[in-house]
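The structure appears below as structure tokens.
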Amino acid sequence: MLIPKNLLIKFWDFDAKMDAERLSKQDFPTDLVEILDVPYVKNGGKLQMLDVYYPKGTKRNKKLPVIIDIHGGGWFYGTKDINKNYCLHLAQRGVVVFNLSYRLVPEVTVKEQLQDVMSALDFISKNLLSKYPCDKNRIYITGDSAGGQLAAFVPALNSSDKMRKAFDTENPNIKIKAVGLTSPCPYLEPHGLMKFYLPHVLGKNWKKEKWAKYVDFNKVLRTSKDYPPTIIFTSLADVIAEGQAKKAYKYMKKQGIKAKYDFALNPTLMHVYAVLDPDAKASVKAIDNMIKFFNKNK
């Protein structure tokens, strides 16, 4: 028996109120250029938009590393706005950040969400990398929680014609140099308690879909050619994603993928802690560690 959609919607509505309260108490950086609500799909919806952030005073001929960020929210909830402060803090480190929204369950499934992400990357590649101070050779992707699943699939979709055909996505012609996953949930198999939740994300007849085998993230990693170096963040109190994060890390190492596991022992640090409060001491450390990891993989 599935969790009723109306209960899930009520839960995520409550989470939205919590996010609004959280963000209202935070200080947002103001030393950045912000270009807001750029549509990445022609005649698309209000969720098919992205923001661009980069440091004010960046010289015209300066080329900065690029980070593409994908917000979390259990596939049901969220927009780029819930990650805005986090993304602004990334941009403060001297990068161009593309912060994107995507359509949500139950109106769509994870297939359409991946289509949105790949369409956004295609639009960025064709229209924005040359418009803003972007180093086209240093592009990174991040995501948290459900956004971590979407971000984790991108390099495999980039490298696999079969996987793109299965999900019917764009080929954005973007080379991702490294991946940063915060409390990721990349495994989509509806096992255990998740069998009451994930079928909403996958769709009613998902087992008949061409992409059904990719619910196993290990299959995604095996499909990918030259999966990029990846840093994975989780924490002792990350009861939602710690198991999946560790599983993904171990399988990456088994496959010979360069991977780092950044595990915070502090019992007060919960799911996606660095995204929730980017000014906190532990969050600053995590963000700095991700930037250092990216800088080592140019």
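Going by the structure tokens order, chains are called A, B, ..., each with residues numbered from 1, while ligands are numbered from 1 in the order shown.
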Discussion item. List the spatial neighbours of Leu90 of chain A as a VMD selection string - criterion: any atom at most 12 Å away, only C-alpha atoms, same-chain residues fewer than 4 positions off excluded.
Written reply: chain A and resid 28 to 29 32 52 to 55 65 to 69 83 to 86 94 to 99 140 to 142 180 274 to 275 278 to 279 283 to 284 286 to 292 294
Please build the interface table for segment 58-162 of chain A against segment 195-200 of chain A with a cut-off of 9 Å, listing for each qualifying residue the nearest atom pair and the distance in Å to one decimal; count only C-alpha atoms, order rows by chain and increasing number, and write it as CSV.
```
residue,atom,partner,partner_atom,distance
A:Val105,CA,A:His200,CA,7.1
A:Pro106,CA,A:His200,CA,6.6
A:Thr109,CA,A:His200,CA,7.4
```
Include C-alpha atoms and write out the residues we just selected as a compact mmCIF listing (two decimals), in the first residue's frame.
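Generated file (again.txt):
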```txt
# COMPACT_ATOMS: atom_id res chain seq x y z
CA VAL A 105 6.16 14.58 -8.49
CA PRO A 106 3.24 13.76 -8.67
CA THR A 109 8.05 11.19 -12.56
```
Practice prompt. Fewer than 5 positions away in the same chain doesn't count, so skip those; otherwise give me all residues within 6 Å of segment 145-154 of chain A, counting only C-alpha atoms, as JSON, numbers by chain.
Written response: {"A": [70, 71, 72, 74, 75, 181, 183, 184, 185, 186]}
Worksheet item: What lies within 10 Å of Gln113 of chain A using only C-alpha atoms, ignoring chain neighbours under 5 positions off, as a count of residues only?
Response: 15
Discussion item. Residues of segment 28-140 of chain A classed as strand (DSSP E or B) by DSSP on the backbone are to be reported as an MDAnalysis selection string.
Written reply: chainID A and resid 32:39 49:55 64:70 96:100 134:140
May I have the selected residues written with C-alpha atoms, as a PDB file, in the first residue's frame?
```pdb
ATOM      1  CA  LEU A  32      27.277  38.758  -6.004  1.00  0.00           C
ATOM      2  CA  VAL A  33      25.675  39.304  -9.379  1.00  0.00           C
ATOM      3  CA  GLU A  34      22.276  37.564  -9.499  1.00  0.00           C
ATOM      4  CA  ILE A  35      20.409  36.812 -12.729  1.00  0.00           C
ATOM      5  CA  LEU A  36      17.063  35.322 -11.783  1.00  0.00           C
ATOM      6  CA  ASP A  37      14.376  33.183 -13.414  1.00  0.00           C
ATOM      7  CA  VAL A  38      16.022  32.360 -16.726  1.00  0.00           C
ATOM      8  CA  PRO A  39      13.781  29.909 -18.648  1.00  0.00           C
ATOM      9  CA  MET A  49      13.917  28.036 -14.810  1.00  0.00           C
ATOM     10  CA  LEU A  50      17.354  28.708 -13.367  1.00  0.00           C
ATOM     11  CA  ASP A  51      19.310  31.437 -11.599  1.00  0.00           C
ATOM     12  CA  VAL A  52      22.907  32.531 -12.219  1.00  0.00           C
ATOM     13  CA  TYR A  53      25.234  33.853  -9.505  1.00  0.00           C
ATOM     14  CA  TYR A  54      28.860  35.003  -9.633  1.00  0.00           C
ATOM     15  CA  PRO A  55      31.074  37.520  -7.789  1.00  0.00           C
ATOM     16  CA  LEU A  64      35.597  31.147 -13.433  1.00  0.00           C
ATOM     17  CA  PRO A  65      34.831  27.506 -12.618  1.00  0.00           C
ATOM     18  CA  VAL A  66      31.165  26.547 -13.009  1.00  0.00           C
ATOM     19  CA  ILE A  67      28.970  24.691 -10.504  1.00  0.00           C
ATOM     20  CA  ILE A  68      25.495  23.462 -11.474  1.00  0.00           C
ATOM     21  CA  ASP A  69      23.343  22.789  -8.393  1.00  0.00           C
ATOM     22  CA  ILE A  70      20.193  20.660  -8.115  1.00  0.00           C
ATOM     23  CA  VAL A  96      29.683  30.834 -11.458  1.00  0.00           C
ATOM     24  CA  VAL A  97      26.697  28.937 -10.071  1.00  0.00           C
ATOM     25  CA  PHE A  98      23.672  27.796 -12.054  1.00  0.00           C
ATOM     26  CA  ASN A  99      20.866  27.013  -9.600  1.00  0.00           C
ATOM     27  CA  LEU A 100      17.946  25.253 -11.248  1.00  0.00           C
ATOM     28  CA  CYS A 134      32.518  30.692 -17.327  1.00  0.00           C
ATOM     29  CA  ASP A 135      35.467  28.374 -17.807  1.00  0.00           C
ATOM     30  CA  LYS A 136      33.948  25.828 -20.192  1.00  0.00           C
ATOM     31  CA  ASN A 137      36.633  23.331 -19.238  1.00  0.00           C
ATOM     32  CA  ARG A 138      35.867  23.385 -15.505  1.00  0.00           C
ATOM     33  CA  ILE A 139      32.232  22.418 -15.011  1.00  0.00           C
ATOM     34  CA  TYR A 140      31.064  20.640 -11.860  1.00  0.00           C
TER      35      TYR A 140
END
```
Item to complete: Mind giving me the straight-line distance from atom CA of Ala178 of chain A to atom CA of Gly256 of chain A in Å, one decimal?
Response: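 Answer for the atom CA of Ala178 of chain A to atom CA of Gly256 of chain A separation: 14.6 Å.
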Item to complete: Please identify which residues in segment 32-269 of chain A DSSP calls helix (DSSP H, G or I) from the backbone, and express them as a PyMOL selection string.
Response: chain A and resi 80-92+110-128+146-159+161-167+192-196+198-202+206-208+212-215+217-223+242-254
Worksheet item: Restricting the calculation to only C-alpha atoms, which member of A:Arg93, A:Lys42, A:Lys17, A:Lys25 is positioned closest to Gly78 of chain A?
Response: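 So, comparing all the options, the nearest one is A:Lys17.
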Item to complete: Give me, please, the distance in Å between atom CA of Val239 of chain A and atom CA of Lys177 of chain A, quoted to one decimal.
Response: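 Calculated distance between atom CA of Val239 of chain A and atom CA of Lys177 of chain A is 29.3 Å.
Proximity to Asp161 of chain A at 12 Å, evaluated using only C-alpha atoms and with sequence-adjacent residues fewer than 4 positions away removed, yields A:Pro155, A:Ala156, A:Leu157, A:Lys165, A:Ala166, A:Phe167, A:Asp168, A:Thr169, A:Glu170, A:Asn171, A:Pro172, A:Thr223, A:Ser224, A:Lys225.
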Item to complete: Go through A:Thr234, A:Arg164, A:Leu193, A:Gln92 and flag the residue nearest Gly57 of chain A, using only C-alpha atoms for the distances.
Response: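 Counting only C-alpha atoms, the residue closest to Gly57 of chain A is A:Gln92.
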